[in-house]
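**Q** Input: one structure, supplied below.
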Amino acid sequence: MPFPFGKSQKSPAEIVRTLKENVAHMEKLDAGDSKKCEKVAEEVSKNLASLKEVLCGTGDKEPQTEAVAQLAQELYNTNLLIALIANLQRIDFEGKKDVVHLFSNIVRRQIGTRTPTVEYISTHPQILFMLLKGYESPEVALNCGMMLRECLRHEPLARTVLFSEEFFCFFHYVELSTFDIASDAFASFKVHCHIFFLGVFTEYEKLLHSDNYVTKRQSLKLLGELLLDRHNFTVMTKYISRAENLKLMMNLLRDNSRNIQFEAFHVFKLFIGGGNLLDILLKNQTKLVDFLSHFQTDRSEDEQFCDEKNYLIKQIRDLKRPVAPEEA
C-alpha cells in the first residue's frame, strides 16, 4: 500500500534500513577516528528523530496508522531493536532518549487485544537480558531500566525473566554502590515481582526461602511494600489468611540477620491487625509478647518502630477467643 511521502522524505522502511546500516557502521568504527564517529553518530540521531516523528507525529500532524504499522514490521524484520540496545553506549544523549521513546511506544502498541512487540520480544528473549545487563554500564543503566520496566509490565515477558538464571542478577544490581542505578534496579524488580505477586504468587514465595541473604532481604522488603499498598488489599487479605505465611514470618523474626528480622516484623504485624489465624496466635501469645518485648531494643531512637512494636505487643496481649453467642 503506497504512503504519501514526498520525494525527499523516506518511507518508514527506508529509514529503518538506513538506521540499521548506520548502527552497523558505528559498531565497526575505531573509536580513535573521532571525526568519522561523530559523523555517523549524527546520522544515527537524525534517523532516530525521523522514526520518532513517524511513530508520534509532529506538533500539527497525527501519526499515520499505516506508517506506524510499516515501521513496526520493519523493526521486527531487521531486528533493529536488538542492534540499538547493543550499541546504545555509542549513541549520543538525545539519541539514547529517542531510543527509549521509540522502544517504549512500540512495546505499548496494540492491535485489538494483541501486543505485537511483546510477541516479538517473546521470541527474542535476548532483548530482555541485554536490557537487564545494562545495569552494569552506568552510561546506559537508566535508559535500559526504563525500557526493561516497559517490558516487565507484560506477564509473558516478566515470566521469561523470572524463570531465567539472569533473574538473580537483580539482587546484585539493587545493591550497587551508585544510588541512582541501585534505585532504578529496585524499581524494575518491584514492577517485575508485582506481576507475580498478583498472579503467580507461589513463584514469588520461593524467594523468601532463599539461602541467599540479599535475595531473601530484598524479597521480604518488597513483600512488605506490596502488602501495604492499598491497591493490593484483596491479595493482602488472602496472604494473611494462610497459616504457612504466618509461621514463615514468625520464623523470620528469629533469623540470624537483624535486617531480615526487621523486614519480617513489618509483614508480621499485618497478621495481628487483620488476620484470621487466632488459634496460632493464641497458642503462641505468651511467647510472642515476651519475644517482642526484647526484640531489637537497641532501636530506641526509631520512634515509629518503637510505637509500632508497643502497639503490636498490646494487640497480642489483648487477643481473646470470641465468646460463643450462647455463652454471652
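Ordered as shown in the C-alpha cells, chains take letters A, B, and onward, while each chain numbers its residues from 1 and ligands are numbered from 1 in the order shown.
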Considering only C-alpha atoms, return as a VMD selection string whatever protein or nucleic-acid residues lie within 8 Å of Leu131 in chain A, sequence-local ones (same chain, fewer than 2 positions apart) excluded.

**A** chain A and resid 85 127 to 129 133 to 135 144 to 145 147 to 148

**Q** Keeping C-alpha atoms, export the residues of the selection given above as a short mmCIF file (atom, residue, chain, number, x, y, z; two decimals), in the first residue's frame.

**A**
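selection.cif written:
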```
data_model
loop_
_atom_site.label_atom_id
_atom_site.label_comp_id
_atom_site.auth_asym_id
_atom_site.auth_seq_id
_atom_site.Cartn_x
_atom_site.Cartn_y
_atom_site.Cartn_z
CA ILE A 85 20.29 -1.84 22.52
CA ILE A 127 16.38 -8.30 24.36
CA LEU A 128 15.24 -8.67 27.98
CA PHE A 129 18.60 -9.94 29.17
CA LYS A 133 22.65 -6.40 31.86
CA GLY A 134 22.53 -2.69 31.02
CA TYR A 135 22.63 -2.01 34.77
CA CYS A 144 17.92 0.30 29.88
CA GLY A 145 15.95 0.38 33.12
CA MET A 147 12.89 0.01 28.60
CA LEU A 148 13.10 -3.05 30.86
#
```

**Q** Env of range 256-270 of chain A: 6 Å cut, atoms = only C-alpha atoms, seq-sep filter 6 positions within chain, self excluded. Answer as a list in words.

**A**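 In the requested form, the answer reads Arg217, Lys221, Gly224 and Met249 of chain A.
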
**Q** Can I get the selection written as a compact mmCIF listing (two decimals), in the first residue's frame, with all heavy atoms?

**A**
```txt
# COMPACT_ATOMS: atom_id res chain seq x y z
N ARG A 217 16.38 -10.78 51.77
CA ARG A 217 16.09 -9.47 52.35
C ARG A 217 15.34 -8.57 51.38
O ARG A 217 14.34 -7.94 51.76
CB ARG A 217 17.39 -8.78 52.79
CG ARG A 217 17.14 -7.42 53.45
CD ARG A 217 18.39 -6.89 54.10
NE ARG A 217 19.41 -6.50 53.15
CZ ARG A 217 19.47 -5.30 52.57
NH1 ARG A 217 18.55 -4.39 52.82
NH2 ARG A 217 20.44 -5.01 51.73
N LYS A 221 11.55 -7.25 51.86
CA LYS A 221 11.30 -5.80 51.84
C LYS A 221 10.21 -5.45 50.84
O LYS A 221 9.27 -4.70 51.14
CB LYS A 221 12.59 -5.06 51.50
CG LYS A 221 12.44 -3.53 51.42
CD LYS A 221 13.76 -2.90 51.03
CE LYS A 221 13.62 -1.39 50.87
NZ LYS A 221 14.89 -0.76 50.44
N GLY A 224 6.68 -6.57 51.93
CA GLY A 224 6.05 -5.62 52.84
C GLY A 224 5.45 -4.45 52.10
O GLY A 224 4.32 -4.03 52.38
N MET A 249 6.73 -15.99 58.77
CA MET A 249 7.13 -14.69 59.32
C MET A 249 7.60 -14.82 60.77
O MET A 249 8.55 -14.15 61.21
CB MET A 249 5.97 -13.69 59.24
CG MET A 249 5.69 -13.23 57.83
SD MET A 249 7.15 -12.56 57.00
CE MET A 249 7.06 -13.40 55.43
```

**Q** With the cut-off set at 10 Å and counting only C-alpha atoms, tabulate each residue of range 209-312 of chain A with an atom at most that distance from an atom of range 155-172 of chain A, showing the nearest atom pair and its distance in Å to one decimal, ordered by chain and increasing number, as a Markdown table.

**A**
```
| residue | atom | partner | partner_atom | distance |
| --- | --- | --- | --- | --- |
| A:Asn212 | CA | A:Phe171 | CA | 9.4 |
| A:Tyr213 | CA | A:Phe171 | CA | 9.5 |
| A:Val214 | CA | A:Phe171 | CA | 6.1 |
| A:Thr215 | CA | A:Phe171 | CA | 5.7 |
| A:Lys216 | CA | A:Phe171 | CA | 9.2 |
| A:Arg217 | CA | A:Phe171 | CA | 9.4 |
| A:Gln218 | CA | A:Phe171 | CA | 7.3 |
| A:Ser219 | CA | A:Phe171 | CA | 9.0 |
```

**Q** Write a file of the just-selected residues containing C-alpha atoms, as a PDB file, in the first residue's frame.

**A**
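Result went into selection37.pdb, see below:
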```
ATOM      1  CA  ASN A 212      20.987 -16.080  49.757  1.00  0.00           C
ATOM      2  CA  TYR A 213      20.886 -13.160  52.206  1.00  0.00           C
ATOM      3  CA  VAL A 214      20.399 -10.399  49.618  1.00  0.00           C
ATOM      4  CA  THR A 215      17.692 -12.325  47.753  1.00  0.00           C
ATOM      5  CA  LYS A 216      15.770 -13.008  50.953  1.00  0.00           C
ATOM      6  CA  ARG A 217      16.091  -9.467  52.349  1.00  0.00           C
ATOM      7  CA  GLN A 218      15.129  -7.651  49.162  1.00  0.00           C
ATOM      8  CA  SER A 219      12.216 -10.021  48.517  1.00  0.00           C
TER       9      SER A 219
END
```

**Q** I'd like the neighbourhood of Arg317 in chain A as an MDAnalysis selection string, where a residue qualifies if any of its atoms comes within 8 Å (using only C-alpha atoms), though same-chain residues fewer than 4 positions away should be ignored.

**A** chainID A and resid 285:286 289 313

**Q** Dump N, CA, C and O atoms for the selected residues as a compact mmCIF listing (two decimals), in the first residue's frame?

**A**
```
# COMPACT_ATOMS: atom_id res chain seq x y z
N GLN A 285 0.77 -16.84 72.25
CA GLN A 285 0.56 -15.50 72.77
C GLN A 285 1.62 -15.07 73.78
O GLN A 285 2.27 -14.02 73.63
N THR A 286 1.83 -15.87 74.80
CA THR A 286 2.80 -15.51 75.85
C THR A 286 4.21 -15.41 75.29
O THR A 286 4.96 -14.46 75.60
N VAL A 289 4.59 -12.19 73.12
CA VAL A 289 4.70 -10.97 73.93
C VAL A 289 6.09 -10.85 74.54
O VAL A 289 6.72 -9.79 74.51
N ILE A 313 2.52 -5.38 70.63
CA ILE A 313 2.55 -6.16 71.87
C ILE A 313 1.21 -6.06 72.59
O ILE A 313 0.66 -7.05 73.08
```

**Q** Neighbours of Pro63 in chain A within 12 Å (only C-alpha atoms; same-chain residues fewer than 3 positions away dropped), as number ranges by chain?

**A** A: 12, 50-60, 66-71

**Q** Could you dump the residues just selected with N, CA and C atoms as an mmCIF file, in the first residue's frame?

**A**
```
data_model
loop_
_atom_site.group_PDB
_atom_site.id
_atom_site.type_symbol
_atom_site.label_atom_id
_atom_site.label_comp_id
_atom_site.auth_asym_id
_atom_site.auth_seq_id
_atom_site.Cartn_x
_atom_site.Cartn_y
_atom_site.Cartn_z
ATOM 1 N N PRO A 12 9.021 4.767 6.164
ATOM 2 C CA PRO A 12 9.489 4.138 7.406
ATOM 3 C C PRO A 12 10.461 2.989 7.142
ATOM 4 N N SER A 50 13.725 10.888 12.908
ATOM 5 C CA SER A 50 12.764 10.638 11.833
ATOM 6 C C SER A 50 11.792 9.518 12.220
ATOM 7 N N LEU A 51 12.323 8.450 12.843
ATOM 8 C CA LEU A 51 11.461 7.350 13.281
ATOM 9 C C LEU A 51 10.492 7.815 14.367
ATOM 10 N N LYS A 52 10.989 8.652 15.256
ATOM 11 C CA LYS A 52 10.148 9.186 16.324
ATOM 12 C C LYS A 52 8.993 9.996 15.746
ATOM 13 N N GLU A 53 9.288 10.756 14.672
ATOM 14 C CA GLU A 53 8.254 11.554 14.007
ATOM 15 C C GLU A 53 7.188 10.658 13.373
ATOM 16 N N VAL A 54 7.629 9.556 12.754
ATOM 17 C CA VAL A 54 6.669 8.614 12.157
ATOM 18 C C VAL A 54 5.786 8.005 13.239
ATOM 19 N N LEU A 55 6.398 7.650 14.359
ATOM 20 C CA LEU A 55 5.680 6.956 15.433
ATOM 21 C C LEU A 55 4.746 7.873 16.211
ATOM 22 N N CYS A 56 5.183 9.105 16.433
ATOM 23 C CA CYS A 56 4.426 10.016 17.300
ATOM 24 C C CYS A 56 3.803 11.204 16.574
ATOM 25 N N GLY A 57 4.169 11.401 15.311
ATOM 26 C CA GLY A 57 3.674 12.567 14.595
ATOM 27 C C GLY A 57 4.463 13.810 14.981
ATOM 28 N N THR A 58 4.012 14.952 14.507
ATOM 29 C CA THR A 58 4.631 16.230 14.873
ATOM 30 C C THR A 58 3.570 17.081 15.540
ATOM 31 N N GLY A 59 3.945 18.303 15.878
ATOM 32 C CA GLY A 59 3.013 19.176 16.577
ATOM 33 C C GLY A 59 1.679 19.347 15.888
ATOM 34 N N ASP A 60 1.689 19.444 14.547
ATOM 35 C CA ASP A 60 0.445 19.700 13.819
ATOM 36 C C ASP A 60 -0.008 18.500 12.981
ATOM 37 N N GLU A 66 -1.001 3.481 9.100
ATOM 38 C CA GLU A 66 -0.320 2.589 8.145
ATOM 39 C C GLU A 66 1.202 2.727 8.236
ATOM 40 N N ALA A 67 1.646 3.978 8.420
ATOM 41 C CA ALA A 67 3.093 4.215 8.511
ATOM 42 C C ALA A 67 3.661 3.598 9.788
ATOM 43 N N VAL A 68 2.916 3.702 10.892
ATOM 44 C CA VAL A 68 3.347 3.107 12.153
ATOM 45 C C VAL A 68 3.418 1.588 12.023
ATOM 46 N N ALA A 69 2.435 1.016 11.337
ATOM 47 C CA ALA A 69 2.419 -0.440 11.135
ATOM 48 C C ALA A 69 3.630 -0.882 10.315
ATOM 49 N N GLN A 70 3.950 -0.112 9.282
ATOM 50 C CA GLN A 70 5.112 -0.446 8.451
ATOM 51 C C GLN A 70 6.403 -0.313 9.252
ATOM 52 N N LEU A 71 6.473 0.744 10.052
ATOM 53 C CA LEU A 71 7.642 0.949 10.910
ATOM 54 C C LEU A 71 7.835 -0.236 11.852
#
```

**Q** Env of Lys320 in chain A: 9 Å cut, atoms = only C-alpha atoms, seq-sep filter 3 positions within chain, self excluded. Answer as a list in words.

**A**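 After dropping sequence-adjacent residues, the list is Leu278, Leu282, Ile316, Arg317 and Val323 of chain A.
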
**Q** Report, in Å to a single decimal, how far apart CA of Leu292 in chain A and CA of Asp255 in chain A are.

**A**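 CA of Leu292 in chain A lies 13.8 Å from CA of Asp255 in chain A.
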
**Q** Just checking: using only C-alpha atoms, which residue out of A:Leu252, A:Leu222, A:Asn276, A:Gln73 ends up closest to Lys238 in chain A?

**A**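 Among A:Leu252, A:Leu222, A:Asn276, A:Gln73, it is A:Asn276 that comes nearest to Lys238 in chain A.
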
**Q** Could you jot down the CA of Leu246 in chain A to CA of Leu281 in chain A separation for me, Å, one decimal place?

**A**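 Result for CA of Leu246 in chain A versus CA of Leu281 in chain A: 9.1 Å, one decimal.
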
**Q** Among range 3-151 of chain A, which ones does DSSP assign to strand (DSSP E or B) (computed from the backbone)? Answer as a PyMOL selection string.

**A** chain A and resi 58+61+111+114

**Q** With N, CA, C and O atoms retained, write the just-selected residues as an mmCIF file, in the first residue's frame.

**A**
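Dumped to result.cif:
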```cif
data_model
loop_
_atom_site.group_PDB
_atom_site.id
_atom_site.type_symbol
_atom_site.label_atom_id
_atom_site.label_comp_id
_atom_site.auth_asym_id
_atom_site.auth_seq_id
_atom_site.Cartn_x
_atom_site.Cartn_y
_atom_site.Cartn_z
ATOM 1 N N THR A 58 4.012 14.952 14.507
ATOM 2 C CA THR A 58 4.631 16.230 14.873
ATOM 3 C C THR A 58 3.570 17.081 15.540
ATOM 4 O O THR A 58 2.434 16.638 15.734
ATOM 5 N N LYS A 61 0.660 17.369 13.145
ATOM 6 C CA LYS A 61 0.322 16.209 12.310
ATOM 7 C C LYS A 61 0.279 14.934 13.139
ATOM 8 O O LYS A 61 1.243 14.596 13.842
ATOM 9 N N ILE A 111 -2.876 -3.975 18.731
ATOM 10 C CA ILE A 111 -3.799 -4.178 17.619
ATOM 11 C C ILE A 111 -4.921 -5.043 18.180
ATOM 12 O O ILE A 111 -4.761 -6.257 18.342
ATOM 13 N N ARG A 114 -4.053 -7.724 20.854
ATOM 14 C CA ARG A 114 -2.674 -8.178 20.646
ATOM 15 C C ARG A 114 -1.676 -7.058 20.924
ATOM 16 O O ARG A 114 -1.963 -5.880 20.722
#
```

**Q** Give me every alpha helix (DSSP H) residue in range 15-115 of chain A, going by DSSP on the backbone, as a PyMOL selection string.

**A** chain A and resi 15-28+34-56+65-78+80-86+93-108

**Q** Do you know which residues are at most 6 Å from range 94-97 of chain A counting only C-alpha atoms, after dropping those on the same chain fewer than 3 positions away, and could you put them as a list in words?

**A**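 Counting only the stated atoms, we get Ser45, Ile91 and Val100 of chain A.
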
**Q** As an exercise, work out the distance from CA of Asn232 in chain A to CA of Ser188 in chain A in Å and give it to one decimal place.

**A**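 Answer for the CA of Asn232 in chain A to CA of Ser188 in chain A separation: 18.3 Å.
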
**Q** At a cut-off of 12 Å, using only C-alpha atoms, what residues contact Thr78 in chain A? Leave out same-chain residues fewer than 4 positions from it and give the result as a list in words.

**A** Ala13, Glu14, Ile15, Val16, Arg17, Thr18, Leu19, Lys20, Glu21, Ala24, Leu71, Ala72, Gln73, Glu74, Ile82, Ala83, Leu84 and Tyr120 of chain A

**Q** Let's have the selection written as a compact mmCIF listing (two decimals), in the first residue's frame, with all heavy atoms.

**A**
```txt
# COMPACT_ATOMS: atom_id res chain seq x y z
N ALA A 13 10.17 2.18 6.14
CA ALA A 13 11.05 1.04 5.81
C ALA A 13 12.44 1.52 5.43
O ALA A 13 13.46 0.94 5.84
CB ALA A 13 10.44 0.21 4.69
N GLU A 14 12.50 2.60 4.66
CA GLU A 14 13.80 3.14 4.23
C GLU A 14 14.57 3.72 5.41
O GLU A 14 15.79 3.54 5.52
CB GLU A 14 13.59 4.22 3.16
CG GLU A 14 13.09 3.66 1.83
CD GLU A 14 12.69 4.76 0.86
OE1 GLU A 14 12.14 5.79 1.31
OE2 GLU A 14 12.93 4.59 -0.35
N ILE A 15 13.85 4.41 6.29
CA ILE A 15 14.52 4.99 7.47
C ILE A 15 15.08 3.89 8.36
O ILE A 15 16.21 3.97 8.84
CB ILE A 15 13.53 5.86 8.29
CG1 ILE A 15 12.98 7.01 7.44
CG2 ILE A 15 14.23 6.42 9.53
CD1 ILE A 15 11.85 7.78 8.10
N VAL A 16 14.30 2.82 8.57
CA VAL A 16 14.75 1.71 9.40
C VAL A 16 15.99 1.06 8.81
O VAL A 16 16.97 0.80 9.51
CB VAL A 16 13.62 0.66 9.58
CG1 VAL A 16 14.17 -0.63 10.20
CG2 VAL A 16 12.51 1.22 10.46
N ARG A 17 15.96 0.83 7.49
CA ARG A 17 17.11 0.18 6.85
C ARG A 17 18.35 1.07 6.91
O ARG A 17 19.46 0.58 7.15
CB ARG A 17 16.77 -0.18 5.40
CG ARG A 17 15.83 -1.38 5.29
CD ARG A 17 15.81 -1.92 3.87
NE ARG A 17 15.17 -0.99 2.95
CZ ARG A 17 13.86 -1.00 2.67
NH1 ARG A 17 13.07 -1.89 3.26
NH2 ARG A 17 13.34 -0.13 1.83
N THR A 18 18.16 2.38 6.70
CA THR A 18 19.29 3.32 6.77
C THR A 18 19.86 3.36 8.18
O THR A 18 21.09 3.36 8.37
CB THR A 18 18.84 4.74 6.36
OG1 THR A 18 18.30 4.70 5.04
CG2 THR A 18 20.01 5.72 6.40
N LEU A 19 18.97 3.38 9.18
CA LEU A 19 19.42 3.40 10.57
C LEU A 19 20.18 2.12 10.91
O LEU A 19 21.23 2.16 11.57
CB LEU A 19 18.22 3.57 11.50
CG LEU A 19 18.51 3.55 13.01
CD1 LEU A 19 19.57 4.57 13.39
CD2 LEU A 19 17.21 3.81 13.80
N LYS A 20 19.67 1.00 10.43
CA LYS A 20 20.34 -0.28 10.71
C LYS A 20 21.76 -0.26 10.11
O LYS A 20 22.73 -0.71 10.74
CB LYS A 20 19.52 -1.42 10.10
CG LYS A 20 20.10 -2.83 10.33
CD LYS A 20 19.91 -3.27 11.77
CE LYS A 20 20.55 -4.64 12.04
NZ LYS A 20 19.87 -5.74 11.37
N GLU A 21 21.89 0.27 8.91
CA GLU A 21 23.21 0.35 8.26
C GLU A 21 24.15 1.28 9.03
O GLU A 21 25.32 0.98 9.22
CB GLU A 21 23.04 0.85 6.81
CG GLU A 21 22.37 -0.18 5.90
CD GLU A 21 21.96 0.43 4.55
OE1 GLU A 21 22.27 1.64 4.33
OE2 GLU A 21 21.34 -0.28 3.76
N ALA A 24 25.29 -0.35 12.24
CA ALA A 24 26.31 -1.38 11.94
C ALA A 24 27.65 -0.72 11.64
O ALA A 24 28.71 -1.20 12.06
CB ALA A 24 25.85 -2.21 10.74
N LEU A 71 6.47 0.74 10.05
CA LEU A 71 7.64 0.95 10.91
C LEU A 71 7.84 -0.24 11.85
O LEU A 71 8.93 -0.79 11.96
CB LEU A 71 7.46 2.24 11.72
CG LEU A 71 8.40 2.46 12.90
CD1 LEU A 71 9.84 2.52 12.43
CD2 LEU A 71 8.04 3.73 13.65
N ALA A 72 6.75 -0.66 12.52
CA ALA A 72 6.84 -1.77 13.47
C ALA A 72 7.31 -3.04 12.77
O ALA A 72 8.19 -3.75 13.26
CB ALA A 72 5.49 -1.99 14.14
N GLN A 73 6.71 -3.31 11.61
CA GLN A 73 7.07 -4.54 10.90
C GLN A 73 8.54 -4.54 10.48
O GLN A 73 9.22 -5.56 10.56
CB GLN A 73 6.16 -4.72 9.67
CG GLN A 73 6.23 -6.11 9.07
CD GLN A 73 5.89 -7.20 10.07
OE1 GLN A 73 4.85 -7.15 10.72
NE2 GLN A 73 6.77 -8.18 10.20
N GLU A 74 9.04 -3.38 10.07
CA GLU A 74 10.45 -3.29 9.66
C GLU A 74 11.39 -3.46 10.86
O GLU A 74 12.46 -4.03 10.75
CB GLU A 74 10.72 -1.96 8.96
CG GLU A 74 10.19 -1.88 7.55
CD GLU A 74 10.80 -2.94 6.64
OE1 GLU A 74 12.03 -3.16 6.70
OE2 GLU A 74 10.05 -3.57 5.87
N ILE A 82 17.31 -4.91 18.64
CA ILE A 82 18.48 -5.59 19.21
C ILE A 82 19.75 -4.80 18.93
O ILE A 82 20.59 -4.60 19.82
CB ILE A 82 18.59 -7.03 18.65
CG1 ILE A 82 17.38 -7.86 19.09
CG2 ILE A 82 19.89 -7.70 19.10
CD1 ILE A 82 17.30 -9.24 18.45
N ALA A 83 19.88 -4.33 17.69
CA ALA A 83 21.08 -3.56 17.30
C ALA A 83 21.18 -2.25 18.08
O ALA A 83 22.27 -1.84 18.50
CB ALA A 83 21.05 -3.28 15.80
N LEU A 84 20.04 -1.59 18.30
CA LEU A 84 20.05 -0.32 19.03
C LEU A 84 20.46 -0.52 20.49
O LEU A 84 21.24 0.26 21.04
CB LEU A 84 18.66 0.33 18.97
CG LEU A 84 18.26 0.93 17.62
CD1 LEU A 84 16.81 1.38 17.64
CD2 LEU A 84 19.18 2.10 17.23
N TYR A 120 6.91 -10.28 19.66
CA TYR A 120 8.23 -10.30 19.03
C TYR A 120 9.33 -10.53 20.08
O TYR A 120 10.21 -11.37 19.90
CB TYR A 120 8.47 -8.98 18.30
CG TYR A 120 9.91 -8.77 17.85
CD1 TYR A 120 10.42 -9.43 16.73
CD2 TYR A 120 10.76 -7.94 18.58
CE1 TYR A 120 11.75 -9.25 16.34
CE2 TYR A 120 12.08 -7.75 18.18
CZ TYR A 120 12.57 -8.42 17.07
OH TYR A 120 13.88 -8.24 16.70
```
